[in-house]
Every structure is written in C-alpha cells, then in structure tokens.
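Asks: Just so it is clear, I am handing over target31.txt, which has compact mmCIF, C-alpha atoms.
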```txt
# COMPACT_ATOMS: atom_id res chain seq x y z
CA MET X 1 28.60 -11.66 -94.02
CA GLY X 2 26.46 -8.60 -94.56
CA THR X 3 23.51 -10.72 -95.63
CA LYS X 4 23.89 -12.99 -92.60
CA LYS X 5 24.01 -10.03 -90.20
CA LYS X 6 20.89 -8.55 -91.80
CA ALA X 7 19.06 -11.88 -91.40
CA GLU X 8 20.08 -12.13 -87.74
CA LYS X 9 18.99 -8.52 -87.13
CA SER X 10 15.64 -9.17 -88.80
CA LYS X 11 15.18 -12.33 -86.73
CA LYS X 12 15.85 -10.43 -83.48
CA LEU X 13 13.37 -7.74 -84.53
CA TRP X 14 10.62 -10.32 -85.10
CA ILE X 15 11.41 -11.94 -81.76
CA LYS X 16 10.90 -8.55 -80.08
CA VAL X 17 7.64 -7.96 -81.98
CA LEU X 18 6.31 -11.39 -81.03
CA ALA X 19 7.29 -10.78 -77.42
CA VAL X 20 5.36 -7.49 -77.38
CA ILE X 21 2.30 -9.14 -78.98
CA ALA X 22 2.42 -11.96 -76.44
CA GLY X 23 2.60 -9.42 -73.63
CA VAL X 24 -0.37 -7.48 -74.96
CA VAL X 25 -2.42 -10.68 -75.37
CA PHE X 26 -1.55 -11.68 -71.80
CA VAL X 27 -2.70 -8.29 -70.46
CA VAL X 28 -5.96 -8.49 -72.46
CA LEU X 29 -6.64 -11.98 -71.15
CA MET X 30 -6.00 -10.82 -67.57
CA VAL X 31 -8.42 -7.90 -68.00
CA VAL X 32 -11.12 -10.11 -69.54
CA SER X 33 -10.65 -12.66 -66.77
CA ALA X 34 -11.05 -9.96 -64.12
CA MET X 35 -14.25 -8.72 -65.80
CA GLY X 36 -15.80 -12.17 -65.68
CA SER X 37 -18.97 -12.35 -67.76
CA SER X 38 -20.02 -8.74 -67.15
CA TRP X 39 -18.67 -7.64 -70.54
CA ILE X 40 -20.92 -10.20 -72.22
CA SER X 41 -23.92 -8.95 -70.23
CA SER X 42 -23.22 -5.40 -71.37
CA LEU X 43 -23.74 -6.51 -74.98
CA ALA X 44 -27.05 -8.24 -74.30
CA VAL X 45 -30.30 -6.59 -75.35
CA VAL X 46 -33.85 -7.08 -74.11
CA LYS X 47 -35.61 -9.71 -76.18
CA PRO X 48 -39.30 -10.72 -76.17
CA GLY X 49 -40.01 -12.83 -73.09
CA ASP X 50 -37.03 -11.50 -71.11
CA VAL X 51 -37.74 -10.12 -67.65
CA ALA X 52 -36.24 -6.65 -67.28
CA VAL X 53 -35.92 -4.44 -64.21
CA VAL X 54 -36.33 -0.77 -65.15
CA ASP X 55 -36.23 2.61 -63.48
CA PHE X 56 -39.14 4.70 -64.70
CA THR X 57 -40.66 8.17 -64.44
CA LEU X 58 -44.26 8.79 -65.53
CA ARG X 59 -44.88 12.35 -66.76
CA ASP X 60 -48.04 14.35 -67.40
CA ALA X 61 -48.80 16.51 -70.45
CA GLN X 62 -46.62 19.33 -69.07
CA GLY X 63 -43.68 16.95 -68.53
CA THR X 64 -44.10 17.05 -64.76
CA PRO X 65 -43.13 13.78 -63.03
CA ILE X 66 -46.16 12.08 -61.51
CA MET X 67 -44.44 8.93 -60.29
CA THR X 68 -40.79 7.82 -60.28
CA SER X 69 -38.57 5.02 -59.05
CA ASN X 70 -35.51 7.27 -59.40
CA GLN X 71 -34.59 7.98 -55.78
CA GLN X 72 -32.39 10.95 -56.64
CA LEU X 73 -35.13 12.58 -58.70
CA TYR X 74 -37.74 11.87 -56.03
CA THR X 75 -35.58 13.38 -53.27
CA GLN X 76 -34.93 16.47 -55.36
CA LEU X 77 -38.59 17.02 -56.25
CA ALA X 78 -39.85 16.22 -52.73
CA SER X 79 -37.49 18.85 -51.29
CA GLN X 80 -39.14 21.35 -53.64
CA GLY X 81 -42.60 20.48 -52.31
CA SER X 82 -43.64 18.31 -55.26
CA GLY X 83 -46.31 15.68 -54.69
CA VAL X 84 -44.55 13.16 -56.94
CA LEU X 85 -45.07 9.54 -55.88
CA TYR X 86 -42.10 7.27 -55.19
CA SER X 87 -42.14 3.62 -56.19
CA LYS X 88 -39.77 0.71 -56.45
CA GLN X 89 -38.28 -0.27 -59.79
CA LEU X 90 -40.59 -1.93 -62.26
CA THR X 91 -40.11 -5.60 -63.13
CA ILE X 92 -41.66 -6.18 -66.52
CA THR X 93 -41.78 -8.98 -69.09
CA ALA X 94 -40.74 -7.74 -72.52
CA ASN X 95 -43.33 -7.78 -75.30
CA HIS X 96 -45.96 -9.19 -72.93
CA THR X 97 -49.69 -8.45 -73.07
CA LEU X 98 -51.27 -7.92 -69.66
CA ALA X 99 -54.34 -10.08 -69.05
CA THR X 100 -55.93 -7.68 -66.52
CA GLY X 101 -57.00 -4.06 -66.87
CA VAL X 102 -54.63 -2.71 -64.23
CA PHE X 103 -51.04 -3.45 -63.24
CA PRO X 104 -50.70 -2.32 -59.58
CA ILE X 105 -47.49 -0.57 -58.51
CA PRO X 106 -46.74 -0.13 -54.77
CA PHE X 107 -45.72 3.40 -53.82
CA TYR X 108 -44.37 5.23 -50.78
CA THR X 109 -45.70 8.27 -48.94
CA SER X 110 -44.11 10.09 -46.01
CA SER X 111 -47.29 9.67 -43.95
CA THR X 112 -48.07 5.98 -44.54
CA GLY X 113 -44.75 4.57 -45.76
CA TRP X 114 -45.04 1.43 -47.92
CA SER X 115 -48.63 0.73 -46.94
CA THR X 116 -50.43 -2.16 -48.64
CA GLN X 117 -53.16 0.37 -49.45
CA ASN X 118 -50.72 2.37 -51.57
CA GLN X 119 -51.22 0.77 -54.97
CA PHE X 120 -50.90 2.87 -58.12
CA ALA X 121 -52.83 1.92 -61.27
CA LEU X 122 -50.79 1.45 -64.42
CA PHE X 123 -53.35 0.65 -67.12
CA SER X 124 -52.86 -2.45 -69.27
CA THR X 125 -52.46 -0.31 -72.42
CA GLU X 126 -49.60 1.56 -70.73
CA TYR X 127 -47.99 -1.64 -69.44
CA ASN X 128 -48.18 -3.23 -72.90
CA THR X 129 -46.62 -0.16 -74.53
CA ILE X 130 -43.73 -0.11 -72.05
CA SER X 131 -43.33 -3.88 -72.40
CA SER X 132 -42.90 -3.65 -76.16
CA GLY X 133 -40.93 -0.40 -75.98
CA ILE X 134 -38.03 -1.86 -74.01
CA VAL X 135 -37.31 -4.58 -76.59
CA GLY X 136 -33.87 -4.00 -78.11
CA LEU X 137 -32.52 -1.90 -75.22
CA LYS X 138 -29.26 -2.77 -73.46
CA ALA X 139 -28.61 -2.56 -69.73
CA ASN X 140 -28.27 1.11 -68.65
CA SER X 141 -29.96 2.24 -71.88
CA GLN X 142 -32.47 5.08 -71.53
CA LYS X 143 -35.56 5.76 -73.60
CA THR X 144 -38.64 7.98 -73.53
CA ILE X 145 -41.69 5.93 -74.52
CA SER X 146 -44.88 7.60 -75.77
CA LEU X 147 -48.02 6.45 -73.96
CA SER X 148 -50.41 8.65 -75.93
CA THR X 149 -53.62 6.93 -77.00
CA ALA X 150 -56.35 7.81 -79.48
CA LYS X 151 -58.98 7.51 -76.74
CA PRO X 152 -58.95 10.41 -74.24
CA MET X 153 -58.53 9.46 -70.57
CA THR X 154 -60.79 12.08 -69.01
CA GLN X 155 -63.75 12.16 -66.68
CA PHE X 156 -66.25 14.87 -65.80
CA TRP X 157 -67.11 15.43 -62.14
CA SER X 158 -70.32 17.37 -61.49
CA VAL X 159 -70.83 19.71 -58.55
CA ASN X 160 -72.74 16.94 -56.77
CA GLN X 161 -69.94 14.42 -57.35
CA LEU X 162 -67.44 16.90 -55.96
CA ALA X 163 -69.62 17.39 -52.88
CA ALA X 164 -69.82 13.61 -52.41
CA SER X 165 -66.02 13.61 -52.26
CA ASN X 166 -66.01 16.49 -49.74
CA MET X 167 -64.84 18.98 -52.37
CA SER X 168 -66.37 22.22 -53.57
CA LEU X 169 -66.18 23.67 -57.06
CA SER X 170 -64.74 26.93 -55.75
CA SER X 171 -61.85 25.13 -54.05
CA VAL X 172 -60.67 23.37 -57.22
CA GLN X 173 -58.45 25.14 -59.74
CA THR X 174 -57.40 24.26 -63.29
CA GLY X 175 -54.05 22.48 -63.24
CA GLU X 176 -54.62 21.02 -59.78
CA LEU X 177 -53.79 17.35 -59.20
CA ILE X 178 -56.45 15.07 -57.75
CA ALA X 179 -56.15 11.47 -56.56
CA LEU X 180 -58.66 9.15 -58.23
CA GLY X 181 -59.86 5.66 -57.39
CA VAL X 182 -59.47 3.22 -60.28
CA SER X 183 -61.24 -0.11 -60.45
CA SER X 184 -59.17 -3.21 -61.13
CA THR X 185 -61.81 -4.43 -63.58
CA ALA X 186 -62.09 -1.40 -65.84
CA ASN X 187 -59.93 1.44 -67.11
CA ALA X 188 -62.15 4.11 -65.60
CA ALA X 189 -61.78 6.55 -62.74
CA GLU X 190 -64.61 6.68 -60.22
CA ALA X 191 -65.46 9.67 -58.06
CA ASN X 192 -67.64 7.78 -55.59
CA SER X 193 -66.99 4.07 -56.16
CA THR X 194 -67.33 1.78 -53.14
CA GLU X 195 -65.22 -0.96 -54.75
CA PRO X 196 -61.59 -1.46 -53.71
CA ALA X 197 -59.60 0.89 -55.90
CA TYR X 198 -56.08 1.65 -56.98
CA VAL X 199 -54.73 5.21 -57.04
CA ARG X 200 -54.46 7.29 -60.16
CA ILE X 201 -53.37 10.95 -60.21
CA GLY X 202 -55.44 13.18 -62.50
CA GLU X 203 -55.11 16.82 -63.47
CA VAL X 204 -58.00 19.28 -63.65
CA SER X 205 -57.91 20.23 -67.33
CA ASN X 206 -61.14 22.29 -67.47
CA LYS X 207 -63.56 23.95 -65.07
CA THR X 208 -67.13 25.18 -65.73
CA PRO X 209 -70.03 26.19 -63.47
CA ASP X 210 -71.32 22.61 -63.81
CA GLY X 211 -68.16 20.84 -62.69
CA ILE X 212 -64.62 19.91 -63.64
CA THR X 213 -62.93 17.70 -66.23
CA ILE X 214 -60.08 15.54 -64.97
CA ASP X 215 -57.39 14.20 -67.30
CA PHE X 216 -55.74 11.07 -65.91
CA SER X 217 -53.55 10.21 -68.93
CA TYR X 218 -49.75 10.22 -68.92
CA PRO X 219 -48.35 10.96 -72.41
CA SER X 220 -44.84 9.65 -71.75
CA VAL X 221 -42.60 7.59 -69.49
CA ASP X 222 -38.82 7.70 -69.16
CA VAL X 223 -37.26 4.26 -68.68
CA THR X 224 -33.75 3.04 -67.89
CA VAL X 225 -32.98 -0.67 -68.11
CA VAL X 226 -31.27 -1.74 -64.87
CA SER X 227 -30.91 -5.46 -65.52
CA ILE X 228 -31.99 -8.14 -67.98
CA ASN X 229 -32.96 -11.70 -67.09
CA PRO X 230 -32.95 -13.61 -70.41
CA THR X 231 -35.63 -16.16 -71.22
CA SER X 232 -34.53 -19.71 -70.47
CA SER X 233 -34.03 -21.67 -73.66
```
Would you mind giving the structure from this file in structure tokens?
Replies:
Amino acid sequence: MGTKKKAEKSKKLWIKVLAVIAGVVFVVLMVVSAMGSSWISSLAVVKPGDVAVVDFTLRDAQGTPIMTSNQQLYTQLASQGSGVLYSKQLTITANHTLATGVFPIPFYTSSTGWSTQNQFALFSTEYNTISSGIVGLKANSQKTISLSTAKPMTQFWSVNQLAASNMSLSSVQTGELIALGVSSTANAAEANSTEPAYVRIGEVSNKTPDGITIDFSYPSVDVTVVSINPTSS
C-alpha cells in the first residue's frame, strides 16, 4: 500500500507541474501574440541595401552641434541662442555609394521655415561613410561615426573676397561660424559663386592680415537608427 500511495502522490505532483508549465506557456503565447511582429523587428539589423531612417547630429571639431534632426536637442540649443540648424530625419540606403558630389538635406529656420532654398550640403564622402557605418545596427541603436578625412576641408578668403561678400576682416573673429555656398558639382565652398548653391556652415580657423581660413569639415556625426526597411528579396 505504501508503494501505491507514493506512486499516486508522485503522479499528482507531475500533474501539478504540467499544469503550471501549460499555464506559463499560455501566458507567453498571449504576450507574444499581443506584441505581434514587433519583437522580431527589434532583432533585425541594418544590412547592405536596406533603407534606414536615422536621427543624426553633425558636430564640428569642438563637438558643437552644427545640424540635428533631434527636436529635443534643437529646442534646447535654440533656447540658448545656438545657431544650430534643424532638419528632418535622414533616410539613407545602407552601404550605398552616392553618385553625385552632394546629398542635399532640407533644413528649417525660424525666419524662412522649411523654404525650398534651405538645402544643406552633405558631401558624398560623408554620406558614404554614414551609409556604411550604420550596417549592423539595430533599431534604436546609437553610434558616433567618424567623418574625418585625410584631405583638409578648408578654404582661404582674401580681404577682397570678404568685401565681395559684404564682410570686413575686422568684423570676423576666429571661431566664428560662416555660411558658405557649395556647388552641387564639386566638393568646394565658393565665396562669390553665381551658381545655385547648397548651404554649408564653416568655422573661421585662422585669421591673418591677408584674410581668413574657413574650415567646413565635420569630424563626427551621432546617429540613432529609427527604423529599418529591409531589402526585398
């Protein structure tokens, strides 16, 4: 009798265990069902050819934001009197090489709003670096991508060129930011170009009696992947 009672007790115990396991599985299935396919999306990473939407912040050599699509950061900096430009999020194809010299990015200003004339110049080398740099990132992943190049992005403006742009040497100080016109056919900033131009923000890195040197490079960009649109197979 003792052996029979032990067997019945063991059987009841296993029935309870199985009932608990079944209950847990049911709860897990309910949770997964409620999540839909979002949990699968959270595991996806950016692959070459995917189209990703990213938040980004371009920074100068001092780490100062020059342009951002982060509304919270823009609002904070604008309230402090910063001249940071505000843009929409960047839609970029991963591991893609740009065929043109400039990738235009629309930006907003308090005086002109989203004017069609407000087009910022992201150089092809920068676009290509960001495009390859986001490969392997998941949605909501953040990364700082180096945009430093071996070739300096600087231009010298003489006193005469400054005058042609209604500027005087005495009024310009080292560290000051200056808006430049950038041609869509070449990665060069022009002080007096008559061609349609995109905007590039440069910093006065040096000043002599003969003129000023403007650095229009951006050593780094902070990116956050917002969404990933996988390549169709």
Asks: Edge lengths and centre in Å to one decimal, as lines of an AutoDock Vina configuration file, of the axis-aligned box that encloses all listed atoms of stretch 107-110 of chain X with 8 Å added on every side?
Replies:
```
center_x = -44.9
center_y = 6.7
center_z = -49.9
size_x = 17.6
size_y = 22.7
size_z = 23.8
```
Asks: Using only C-alpha atoms, can you list as a PyMOL selection string the residues within 12 Å of (-52.4, 9.0, -53.5)?
Replies: chain X and resi 66-67+83-87+105-115+117-121+177-182+197-202
Asks: Please compute the atom CA of X:Ser217-atom CA of X:Ser165 distance, one decimal, in Å.
Replies: 21.1 Å
Asks: For atom CA of X:His96 and atom CA of X:Val135, determine how far apart the two atoms are, in Å to one decimal place.
Replies: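 Between atom CA of X:His96 and atom CA of X:Val135 the gap works out to 10.5 Å.
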Asks: Which residues, protein or nucleic acid, reach to within 12 Å of (-51.4, -4.5, -64.5) in the file's coordinates when using all atoms listed in the file, and can you give that as a PyMOL selection string?
Replies: chain X and resi 90-93+96-106+119-131+182-187+198
Asks: Name the residues in contact with stretch 145-157 of chain X at a cut-off of 6 Å, using only C-alpha atoms, excluding same-chain residues fewer than 3 positions from it; report them as a PyMOL selection string.
Replies: chain X and resi 161+211-217+219-221
Asks: If I take atom CA of X:Thr144 and atom CA of X:Val204, how far is one from the other in Å, to one decimal?
Replies: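 If I compute the distance from atom CA of X:Thr144 to atom CA of X:Val204, I get 24.5 Å.
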Asks: So that I can see what lies close to stretch 70-72 of chain X, please list as a list in words the residues with an atom at most 9 Å from it, counting all atoms listed in the file and leaving out residues fewer than 2 positions away in the same chain.
Replies: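 Listing them by chain and then by number gives Asp55, Phe56, Thr57, Thr68, Tyr74, Thr75, Gln76, Leu77, Tyr86, Ser87, Lys88 and Gln89 of chain X.
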Asks: Between X:Ser132, X:Thr208, X:Ser170, X:Gln142, which has the minimum distance to X:Val225 (counting all atoms listed in the file)?
Replies: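 Checking each of X:Ser132, X:Thr208, X:Ser170, X:Gln142 against X:Val225, counting all atoms listed in the file, the winner is X:Gln142.
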Asks: I want to know what sits within 6 Å of X:Lys138, based on only C-alpha atoms, with residues of the same chain fewer than 2 positions away left out; could you give that as a ChimeraX atom specification?
Replies: /X:44-45,141
Asks: Using only C-alpha atoms, determine which residues lie at most 9 Å from X:Gly175, disregarding the query and same-chain residues fewer than 6 positions distant; provide the list as a ChimeraX atom specification.
Replies: /X:203-206
Asks: With C-alpha atoms retained, could you export that selection as a PDB file, keeping the file's coordinate frame?
Replies:
```pdb
ATOM      1  CA  GLU X 203     -55.110  16.820 -63.470  1.00  0.00           C
ATOM      2  CA  VAL X 204     -58.000  19.280 -63.650  1.00  0.00           C
ATOM      3  CA  SER X 205     -57.910  20.230 -67.330  1.00  0.00           C
ATOM      4  CA  ASN X 206     -61.140  22.290 -67.470  1.00  0.00           C
TER       5      ASN X 206
END
```
Asks: What would stretch 60-95 of chain X look like with N, CA and C atoms in place, written as an mmCIF file, in the coordinates of the input?
Replies:
```
data_model
loop_
_atom_site.group_PDB
_atom_site.id
_atom_site.type_symbol
_atom_site.label_atom_id
_atom_site.label_comp_id
_atom_site.auth_asym_id
_atom_site.auth_seq_id
_atom_site.Cartn_x
_atom_site.Cartn_y
_atom_site.Cartn_z
ATOM 1 N N ASP X 60 -46.757 13.873 -66.882
ATOM 2 C CA ASP X 60 -48.040 14.350 -67.400
ATOM 3 C C ASP X 60 -47.809 15.163 -68.674
ATOM 4 N N ALA X 61 -48.883 15.794 -69.176
ATOM 5 C CA ALA X 61 -48.800 16.510 -70.450
ATOM 6 C C ALA X 61 -47.818 17.676 -70.407
ATOM 7 N N GLN X 62 -47.561 18.224 -69.215
ATOM 8 C CA GLN X 62 -46.620 19.330 -69.070
ATOM 9 C C GLN X 62 -45.188 18.836 -68.824
ATOM 10 N N GLY X 63 -45.011 17.507 -68.779
ATOM 11 C CA GLY X 63 -43.680 16.950 -68.530
ATOM 12 C C GLY X 63 -43.343 16.845 -67.061
ATOM 13 N N THR X 64 -44.329 17.124 -66.204
ATOM 14 C CA THR X 64 -44.100 17.050 -64.760
ATOM 15 C C THR X 64 -44.130 15.593 -64.296
ATOM 16 N N PRO X 65 -43.124 15.162 -63.536
ATOM 17 C CA PRO X 65 -43.130 13.780 -63.030
ATOM 18 C C PRO X 65 -44.305 13.535 -62.091
ATOM 19 N N ILE X 66 -45.049 12.482 -62.351
ATOM 20 C CA ILE X 66 -46.160 12.080 -61.510
ATOM 21 C C ILE X 66 -45.737 10.962 -60.560
ATOM 22 N N MET X 67 -44.924 10.068 -61.069
ATOM 23 C CA MET X 67 -44.440 8.930 -60.290
ATOM 24 C C MET X 67 -43.057 8.547 -60.794
ATOM 25 N N THR X 68 -42.141 8.207 -59.870
ATOM 26 C CA THR X 68 -40.790 7.820 -60.280
ATOM 27 C C THR X 68 -40.211 6.787 -59.337
ATOM 28 N N SER X 69 -39.328 5.956 -59.881
ATOM 29 C CA SER X 69 -38.570 5.020 -59.050
ATOM 30 C C SER X 69 -37.135 5.505 -58.908
ATOM 31 N N ASN X 70 -36.839 6.663 -59.491
ATOM 32 C CA ASN X 70 -35.510 7.270 -59.400
ATOM 33 C C ASN X 70 -35.404 8.005 -58.065
ATOM 34 N N GLN X 71 -34.654 7.431 -57.133
ATOM 35 C CA GLN X 71 -34.590 7.980 -55.780
ATOM 36 C C GLN X 71 -34.011 9.395 -55.765
ATOM 37 N N GLN X 72 -32.998 9.631 -56.590
ATOM 38 C CA GLN X 72 -32.390 10.950 -56.640
ATOM 39 C C GLN X 72 -33.388 12.001 -57.133
ATOM 40 N N LEU X 73 -34.132 11.659 -58.184
ATOM 41 C CA LEU X 73 -35.130 12.580 -58.700
ATOM 42 C C LEU X 73 -36.238 12.806 -57.691
ATOM 43 N N TYR X 74 -36.683 11.734 -57.031
ATOM 44 C CA TYR X 74 -37.740 11.870 -56.030
ATOM 45 C C TYR X 74 -37.293 12.783 -54.889
ATOM 46 N N THR X 75 -36.092 12.566 -54.377
ATOM 47 C CA THR X 75 -35.580 13.380 -53.270
ATOM 48 C C THR X 75 -35.504 14.843 -53.659
ATOM 49 N N GLN X 76 -35.043 15.101 -54.881
ATOM 50 C CA GLN X 76 -34.930 16.470 -55.360
ATOM 51 C C GLN X 76 -36.296 17.144 -55.459
ATOM 52 N N LEU X 77 -37.265 16.439 -56.071
ATOM 53 C CA LEU X 77 -38.590 17.020 -56.250
ATOM 54 C C LEU X 77 -39.330 17.161 -54.918
ATOM 55 N N ALA X 78 -39.189 16.165 -54.037
ATOM 56 C CA ALA X 78 -39.850 16.220 -52.730
ATOM 57 C C ALA X 78 -39.348 17.407 -51.918
ATOM 58 N N SER X 79 -38.057 17.711 -52.028
ATOM 59 C CA SER X 79 -37.490 18.850 -51.290
ATOM 60 C C SER X 79 -38.026 20.176 -51.807
ATOM 61 N N GLN X 80 -38.560 20.153 -53.043
ATOM 62 C CA GLN X 80 -39.140 21.350 -53.640
ATOM 63 C C GLN X 80 -40.652 21.438 -53.410
ATOM 64 N N GLY X 81 -41.182 20.465 -52.633
ATOM 65 C CA GLY X 81 -42.600 20.480 -52.310
ATOM 66 C C GLY X 81 -43.468 19.771 -53.333
ATOM 67 N N SER X 82 -42.864 19.028 -54.253
ATOM 68 C CA SER X 82 -43.640 18.310 -55.260
ATOM 69 C C SER X 82 -44.375 17.136 -54.622
ATOM 70 N N GLY X 83 -45.533 16.816 -55.184
ATOM 71 C CA GLY X 83 -46.310 15.680 -54.690
ATOM 72 C C GLY X 83 -46.031 14.403 -55.458
ATOM 73 N N VAL X 84 -44.887 14.339 -56.146
ATOM 74 C CA VAL X 84 -44.550 13.160 -56.940
ATOM 75 C C VAL X 84 -44.534 11.912 -56.067
ATOM 76 N N LEU X 85 -45.048 10.812 -56.601
ATOM 77 C CA LEU X 85 -45.070 9.540 -55.880
ATOM 78 C C LEU X 85 -43.767 8.792 -56.108
ATOM 79 N N TYR X 86 -43.332 8.047 -55.089
ATOM 80 C CA TYR X 86 -42.100 7.270 -55.190
ATOM 81 C C TYR X 86 -42.423 5.784 -55.170
ATOM 82 N N SER X 87 -41.891 5.053 -56.120
ATOM 83 C CA SER X 87 -42.140 3.620 -56.190
ATOM 84 C C SER X 87 -40.834 2.859 -56.317
ATOM 85 N N LYS X 88 -40.923 1.558 -56.198
ATOM 86 C CA LYS X 88 -39.770 0.710 -56.450
ATOM 87 C C LYS X 88 -39.634 0.520 -57.960
ATOM 88 N N GLN X 89 -38.497 -0.033 -58.363
ATOM 89 C CA GLN X 89 -38.280 -0.270 -59.790
ATOM 90 C C GLN X 89 -39.320 -1.239 -60.327
ATOM 91 N N LEU X 90 -39.569 -1.124 -61.610
ATOM 92 C CA LEU X 90 -40.590 -1.930 -62.260
ATOM 93 C C LEU X 90 -39.981 -3.182 -62.875
ATOM 94 N N THR X 91 -40.520 -4.341 -62.513
ATOM 95 C CA THR X 91 -40.110 -5.600 -63.130
ATOM 96 C C THR X 91 -41.151 -5.961 -64.180
ATOM 97 N N ILE X 92 -40.711 -6.046 -65.430
ATOM 98 C CA ILE X 92 -41.660 -6.180 -66.520
ATOM 99 C C ILE X 92 -41.171 -7.210 -67.541
ATOM 100 N N THR X 93 -42.104 -7.994 -68.062
ATOM 101 C CA THR X 93 -41.780 -8.980 -69.090
ATOM 102 C C THR X 93 -41.865 -8.322 -70.463
ATOM 103 N N ALA X 94 -40.811 -8.417 -71.227
ATOM 104 C CA ALA X 94 -40.740 -7.740 -72.520
ATOM 105 C C ALA X 94 -41.715 -8.329 -73.530
ATOM 106 N N ASN X 95 -42.385 -7.416 -74.236
ATOM 107 C CA ASN X 95 -43.330 -7.780 -75.300
ATOM 108 C C ASN X 95 -44.443 -8.696 -74.783
#
```
